[in-house]
Amino acid sequence: MSVQLSLTVNGTTAKADVDERTLLVDFLRTQLALTGTHVGCDTAQCGACTVLVDGRAVKACNVLAAQVNGAKVTTIEGIAAADGTLHPMQAAFKECHGLQCGFCTPGMVMSALDLVARHPNADEAKIREELEGNLCRCTGYQNIVRAVAQGAAAMAK
Amino acid sequence: MGANETSVIGQSIPRKEDARFLTGAGQYTDDVVMPRQTYGYFLRSPHAHAKIRSIDVAAAKAQPGVIAIYTGADLTGVNGLPCGWLITGTDGKPMNEPAHPVLAQGKVRHVGDPIALVVAETANQAKDAAEAIGVDYEVLPAVVSCVDALKPDAPQVHDAGNKCYTWALGDKAAVDAAFAKAAHVAKVDIVNNRLIPNAIEPRAVVASYNRAEQAYTLYVSNQNPHVERLLMTAFVLGLPETKVRVIAPDVGGGFGSKIYLYAEDVALVWASKHVNRPIRWNCERSEAFVSDAHGRDHVTHAELACDANGKFLAMRVTTTANLGAYLSTFASCIPTILYATLLAGQYTTPAIYCEVTASFTNTVPVDAYRGAGRPEATYVVERLVHQAAVDLGIPQDEIRRRNFIRKFPHATPVALTYDTGNYDATLDEAMKMADVAGFPARKAEAAKRGKLRGLGYASYIEACGLAPSNVAGALGARAGLFEAGEVRVNPTGGVTVFTGSHSHGQGHETTFAQVVAGRLGIDIANVEVVHGDTGRIPFGMGTYGSRSLSVGGSAIVKALDKVIAKGKKIAAHLLEAAETDIEFKDGKFTVAGTDRSKAFAEVALAAYVPHNYPLDKLEPGLDETAFYDPTNFTYPAGTHICEVEVDPETGKTTVVAFAACDDFGNIINPMIVEGQVHGGVVQGLGQALMEQCVYDASGQLLTGSYMDYAMPRSDDVPGIKVGTKVTPCTHNPLGAKGCGEAGAIGAPAAMMNAVHDALLATGVKDIQMPASPHRVWKAIQSAKA
């Protein structure tokens, strides 16, 4: 059975007929070619697939595309400025060396945006606690935590 | 360091690769889309050990969307997967090397062993069809422990028996003699816990066949595409290398687990010709747990003979190593060549003997995982040293100082010759960074809160920069271990560098560009580094063993030297001067003692527009390739100091501080080096305190997901202090030693020594990794009883 979808992705309306069991992450990656959202596990544990749904961080591997019908979805491809200038959080990750292989990075950045929205003044302990849903195997988290703090400060300006 | 290098060397320049990763523009294997692509899915064994009586694919083939289903019987002309290193046993015989079929041939030997490949129009259709395949199994008893596998009544994984080899290194008679006269013998029994690497990008493949060219293209998440191609073509499929192009695009972490030639890669390449359409496969995480090569899994008894002053006289080590069900690509050399050779550590111990028996079990194959043999060796050495200090009442830093090697080069009794190092310097600095002087006060303060503080040291050594090919060959390597680099200067002066060193997080695109920009005196923005494609790069042995800068970087330097040498000839012609009078500095070819010069870009243009050019003596173009084969290993070393706090009520261990002072030789980009240490230390923390691959007695993997296998998360780890001291490597042009594995090598020993130190007063003498709350709490309760 297919489901009719209409949602806004990175500010653009997307309409499609999808198999009812299609996951949001597969819809984004396969139908919309937004391959920045990654799949790192199948148990909603690693967070590489994190996107914003109506402003809240959601693991896109654990949500059916049909469940977000009508919602506003933001992916890693949708946060830089139109002229390509990096979002302050993206810039902070670069400046702080908050990424190595880059695979968990989109999910980390999207989680960080959600974190900042809820806790604009989070200290290191709070940032570490809040990023608990995103696994990184490369960085040891130290520079990610630094990047999130720096990105949050830049966003507050 | 060369005279021509400018300040770009040694700078923490932000990474060139970051922009694409941060905007979702990275191109990982699963992001590659092909016209007419199909989807592959592997049916895997649910049993650890079973005979396959029959496989019925008829119903599955009739399912919607199914294009083809292949089993082991279909793979005629496909050889088994090879092992790249031959170990010769103490009996003089070659190791037991059983066949490693691509798809099961009559028997399955571990949960996850692939049985059939289903190719369908969609991933879900392939998966659905796999469920309809009927396999009639005769389940056999299984063995999972490497020690149990060697018992006479153990289930036999292979017809030729469970023992792969018994191998030894060192002078047994000298060791026995030293033990006989020792004032004290420190002893430890160690289980080096089995780990699952867990790069966050699962393995992935897109395989296709081009009928016009009769050639295959394989996109694969892999650390060494040329090695993948060599093994696949020459050993398994019997194809010429010219007919297979392997591309490892952006790769989301490797840590060793993506070095190997995997069964899935071969099956998909083979099948792509048979279905005449591209096939893609993305490993699910639960599949990765039962099919990616695992790491470590040693059981060891070790003894250190000392005189009354704590001077080390001899070391004796007996290890049993688990190889899993089959020999993975480099499995055989990890618990031998990369392990026993490191047992001298940073110490002058004059006699060492190590005997290793490796066995097959009904578990996933075990191979190199970040550090590969060296973390295991460091753990043995540093647990022994810690125990000897405790036994003899000597402070931990003091016993190390009494035994440090201080004269270089130093030939160890286990086959290596260290070229350089300064172990006092890294120990001193680490102690300052860790504020060891303030530890007693912190311990007392913690005690007031009912908590136990401990401090642990690990003074580690690694052998990196694999490897002198002739030495490796003499030790059983079935391949060379050089690296290739090509420097292509384009007509307008931009430089494209082709390297065999693949980057999957290490930042080669930046570090290597710094090397090139520094040497040529050009802007780093004008340097593009290309890696990961056998169709574009001359050759490569790939990325593992912290070899990229010291070996791959050195190949690039050699190619740069050729570029500069040719540039001097061109400049001499343009400047009407003798070639011997031309100097190259800061991006300019200058006639010595004059202000007459040609910029690098002018010389490049002349090479490609050779109107005024010595065509009778010199070829046009400026494009040079070099192969670099190191003359020795490199020896990164350092001291890591860990401070832990144990809550005796819950058994929970918290790492409250970690200081790492390392000597990686010369450093090109300190920011990247620090990042490598952070990541390595946290993987070491995972091994020491959290991670444990657990099989039940029937061979079922109990830790088969992120809900069961505890990987460090952001709130599990402390801030890590990183410091460096430099003694340049003496035998490569960059003076670099390698930094990728140090954290994972030093951290487990430092953390576990700290745990033992914290628990000393409770009477607990022996805690194995991971020091989980349950394990620590139980040990404290047992000690009380």
# chains A, B, ... in the order shown; residues from 1 in each chain; ligands from 1

$ interface_residues --of "chain B" --to "chain A" --cutoff "8 Å" --atoms "only C-alpha atoms" --output "mmCIF file with C-alpha atoms, in the first residue's frame"
data_model
loop_
_atom_site.group_PDB
_atom_site.id
_atom_site.type_symbol
_atom_site.label_atom_id
_atom_site.label_comp_id
_atom_site.auth_asym_id
_atom_site.auth_seq_id
_atom_site.Cartn_x
_atom_site.Cartn_y
_atom_site.Cartn_z
ATOM 1 C CA PRO B 14 41.252 23.792 9.769
ATOM 2 C CA ARG B 15 40.546 20.822 7.573
ATOM 3 C CA ASP B 18 35.210 19.583 6.600
ATOM 4 C CA ALA B 19 33.047 21.745 4.345
ATOM 5 C CA PHE B 21 31.038 16.731 5.681
ATOM 6 C CA LEU B 22 29.362 19.624 7.468
ATOM 7 C CA THR B 23 26.901 20.358 4.679
ATOM 8 C CA GLY B 24 25.829 16.792 3.960
ATOM 9 C CA ALA B 25 27.783 16.761 0.703
ATOM 10 C CA GLY B 26 30.115 13.935 1.691
ATOM 11 C CA ASP B 31 25.269 7.706 -1.230
ATOM 12 C CA ASN B 198 31.883 -0.221 15.283
ATOM 13 C CA ALA B 199 32.867 2.451 12.804
ATOM 14 C CA ILE B 200 29.682 4.504 12.675
ATOM 15 C CA GLU B 201 29.366 4.074 8.910
ATOM 16 C CA PRO B 202 28.489 0.418 8.384
ATOM 17 C CA ASP B 250 34.335 9.003 1.812
ATOM 18 C CA VAL B 251 34.591 6.322 4.469
ATOM 19 C CA GLY B 252 32.961 6.772 7.840
ATOM 20 C CA GLY B 253 35.651 5.414 10.126
ATOM 21 C CA GLU B 284 22.736 -3.132 8.821
ATOM 22 C CA ARG B 285 24.200 -2.532 12.277
ATOM 23 C CA SER B 286 22.955 -5.856 13.584
ATOM 24 C CA HIS B 504 38.673 7.992 6.644
ATOM 25 C CA GLY B 505 38.732 10.624 9.337
ATOM 26 C CA GLN B 506 42.460 11.204 9.710
ATOM 27 C CA GLY B 507 42.475 14.429 7.695
ATOM 28 C CA MET B 671 44.956 20.013 15.930
ATOM 29 C CA ILE B 672 44.542 16.818 13.937
ATOM 30 C CA GLY B 675 41.974 14.789 17.762
ATOM 31 C CA GLN B 676 43.549 11.424 17.009
ATOM 32 C CA HIS B 678 41.240 12.075 21.978
ATOM 33 C CA GLY B 679 39.534 9.444 19.848
ATOM 34 C CA GLY B 680 42.068 6.746 20.648
ATOM 35 C CA VAL B 681 41.897 7.388 24.381
ATOM 36 C CA VAL B 682 38.112 7.110 24.347
ATOM 37 C CA GLN B 683 38.269 3.839 22.439
ATOM 38 C CA SER B 705 23.307 -4.102 19.158
ATOM 39 C CA TYR B 706 24.060 -0.690 20.627
ATOM 40 C CA MET B 707 21.554 -1.524 23.333
ATOM 41 C CA MET B 711 30.140 2.160 23.540
ATOM 42 C CA PRO B 712 31.394 5.331 25.201
ATOM 43 C CA ARG B 713 29.021 8.254 24.882
ATOM 44 C CA SER B 714 29.731 11.916 25.482
ATOM 45 C CA ASP B 715 28.781 11.763 29.162
ATOM 46 C CA VAL B 717 34.265 10.431 29.124
ATOM 47 C CA GLY B 719 38.216 15.980 29.301
ATOM 48 C CA ILE B 720 41.551 14.657 28.065
#

$ residues_around --residues "Thr74 (chain A)" --least-positions-apart "6" --cutoff "6 Å" --atoms "only C-alpha atoms" --output "PyMOL selection string"
chain A and resi 9-10+51-52

$ write_last_selection --atoms "N, CA and C atoms" --output "CSV table (one decimal), in the first residue's frame"
chain,number,residue,atom,x,y,z
A,9,VAL,N,10.4,20.2,3.3
A,9,VAL,CA,11.8,19.8,3.6
A,9,VAL,C,12.8,20.9,3.2
A,10,ASN,N,13.4,21.4,4.2
A,10,ASN,CA,14.4,22.5,4.0
A,10,ASN,C,13.7,23.6,3.2
A,51,VAL,N,17.4,14.5,12.4
A,51,VAL,CA,16.9,15.7,11.6
A,51,VAL,C,16.0,16.5,12.6
A,52,LEU,N,15.6,17.7,12.1
A,52,LEU,CA,14.6,18.4,12.9
A,52,LEU,C,13.3,18.2,12.3

$ select_by_dssp --residues "chain A" --states "alpha helix (DSSP H)" --output "PyMOL selection string"
chain A and resi 24-26+88-95+105-118+124-130+142-156

$ atom_distance --atom1 "CA of Asn124 (chain B)" --atom2 "CA of Asp708 (chain B)"
25.6 Å

$ closest_residue --among "B:Ala351, B:Ala601, B:Ile279, B:Ala607" --to "Lys569 (chain B)" --atoms "only C-alpha atoms"
B:Ala607

$ residues_around --residues "Ala14 (chain A)" --least-positions-apart "3" --cutoff "9 Å" --atoms "only C-alpha atoms" --output "list in words"
Leu5, Ser6, Leu7, Thr8, Val9 and Leu32 of chain A

$ write_last_selection --atoms "N, CA and C atoms" --output "short mmCIF file (atom, residue, chain, number, x, y, z; two decimals), in the first residue's frame"
data_model
loop_
_atom_site.label_atom_id
_atom_site.label_comp_id
_atom_site.auth_asym_id
_atom_site.auth_seq_id
_atom_site.Cartn_x
_atom_site.Cartn_y
_atom_site.Cartn_z
N LEU A 5 2.18 11.60 0.51
CA LEU A 5 2.90 12.46 1.44
C LEU A 5 2.97 13.88 0.91
N SER A 6 2.84 14.83 1.83
CA SER A 6 3.15 16.21 1.47
C SER A 6 3.77 16.86 2.70
N LEU A 7 5.01 17.25 2.57
CA LEU A 7 5.68 17.87 3.71
C LEU A 7 6.68 18.91 3.20
N THR A 8 7.18 19.70 4.13
CA THR A 8 8.15 20.73 3.75
C THR A 8 9.52 20.26 4.21
N VAL A 9 10.44 20.17 3.26
CA VAL A 9 11.80 19.76 3.60
C VAL A 9 12.76 20.87 3.21
N LEU A 32 14.48 12.06 -2.09
CA LEU A 32 14.88 13.47 -2.21
C LEU A 32 16.38 13.64 -2.41
#

$ select_by_dssp --residues "chain A" --states "strand (DSSP E)" --output "MDAnalysis selection string"
chainID A and resid 2:9 12:19 50:53 56:59 72:74

$ residues_around --residues "region 424-426 of chain B" --least-positions-apart "5" --cutoff "9 Å" --atoms "only C-alpha atoms" --output "PyMOL selection string"
chain B and resi 401+404+406+431+459+637-640+660-663+723-725

$ residues_around --residues "Val3 (chain A)" --least-positions-apart "3" --cutoff "9 Å" --atoms "only C-alpha atoms" --output "number ranges by chain"
A: 16-20, 66

$ residues_around --residues "Gln214 (chain B)" --least-positions-apart "3" --cutoff "10 Å" --atoms "only C-alpha atoms" --output "PyMOL selection string"
chain B and resi 209-211+243-244+273

$ atom_distance --atom1 "CA of Ala153 (chain A)" --atom2 "CA of Val677 (chain B)"
26.4 Å

$ atom_distance --atom1 "CA of Ala92 (chain A)" --atom2 "CA of Gly684 (chain B)"
26.7 Å

$ decode --residues "region 152-172 of chain B" --atoms "N, CA and C atoms" --output "tab-separated table (two decimals), in the first residue's frame"
chain	number	residue	atom	x	y	z
B	152	PRO	N	41.02	-31.32	24.25
B	152	PRO	CA	40.92	-32.48	23.35
B	152	PRO	C	39.50	-32.81	22.90
B	153	ASP	N	38.51	-32.54	23.77
B	153	ASP	CA	37.14	-32.92	23.39
B	153	ASP	C	36.36	-31.75	22.79
B	154	ALA	N	37.05	-30.69	22.39
B	154	ALA	CA	36.34	-29.51	21.87
B	154	ALA	C	35.71	-29.81	20.52
B	155	PRO	N	34.53	-29.20	20.25
B	155	PRO	CA	33.97	-29.29	18.90
B	155	PRO	C	35.00	-28.77	17.89
B	156	GLN	N	35.12	-29.44	16.77
B	156	GLN	CA	36.13	-29.06	15.78
B	156	GLN	C	35.54	-28.11	14.74
B	157	VAL	N	36.07	-26.90	14.71
B	157	VAL	CA	35.57	-25.88	13.78
B	157	VAL	C	35.95	-26.24	12.35
B	158	HIS	N	37.17	-26.76	12.20
B	158	HIS	CA	37.64	-27.18	10.88
B	158	HIS	C	38.17	-28.60	10.97
B	159	ASP	N	38.17	-29.30	9.83
B	159	ASP	CA	38.60	-30.70	9.82
B	159	ASP	C	40.05	-30.84	10.30
B	160	ALA	N	40.88	-29.84	9.98
B	160	ALA	CA	42.30	-29.94	10.35
B	160	ALA	C	42.56	-29.52	11.79
B	161	GLY	N	41.51	-29.30	12.54
B	161	GLY	CA	41.68	-29.00	13.96
B	161	GLY	C	41.54	-27.53	14.28
B	162	ASN	N	41.43	-27.24	15.59
B	162	ASN	CA	41.18	-25.87	16.03
B	162	ASN	C	42.45	-25.05	16.21
B	163	LYS	N	43.59	-25.74	16.29
B	163	LYS	CA	44.82	-24.96	16.48
B	163	LYS	C	45.31	-24.42	15.14
B	164	CYS	N	45.58	-23.12	15.10
B	164	CYS	CA	46.14	-22.52	13.88
B	164	CYS	C	47.65	-22.61	13.92
B	165	TYR	N	48.24	-22.23	15.05
B	165	TYR	CA	49.69	-22.36	15.22
B	165	TYR	C	50.04	-22.17	16.68
B	166	THR	N	51.22	-22.69	17.05
B	166	THR	CA	51.92	-22.21	18.25
B	166	THR	C	53.19	-21.58	17.73
B	167	TRP	N	53.42	-20.33	18.14
B	167	TRP	CA	54.53	-19.53	17.60
B	167	TRP	C	55.26	-18.94	18.78
B	168	ALA	N	56.54	-18.72	18.65
B	168	ALA	CA	57.29	-18.15	19.78
B	168	ALA	C	58.33	-17.16	19.29
B	169	LEU	N	58.68	-16.25	20.18
B	169	LEU	CA	59.73	-15.27	19.90
B	169	LEU	C	60.57	-15.10	21.16
B	170	GLY	N	61.89	-15.03	20.99
B	170	GLY	CA	62.78	-14.75	22.12
B	170	GLY	C	63.62	-15.94	22.52
B	171	ASP	N	64.50	-15.67	23.47
B	171	ASP	CA	65.49	-16.67	23.91
B	171	ASP	C	64.98	-17.31	25.21
B	172	LYS	N	64.38	-18.49	25.05
B	172	LYS	CA	63.75	-19.15	26.19
B	172	LYS	C	64.78	-19.52	27.26
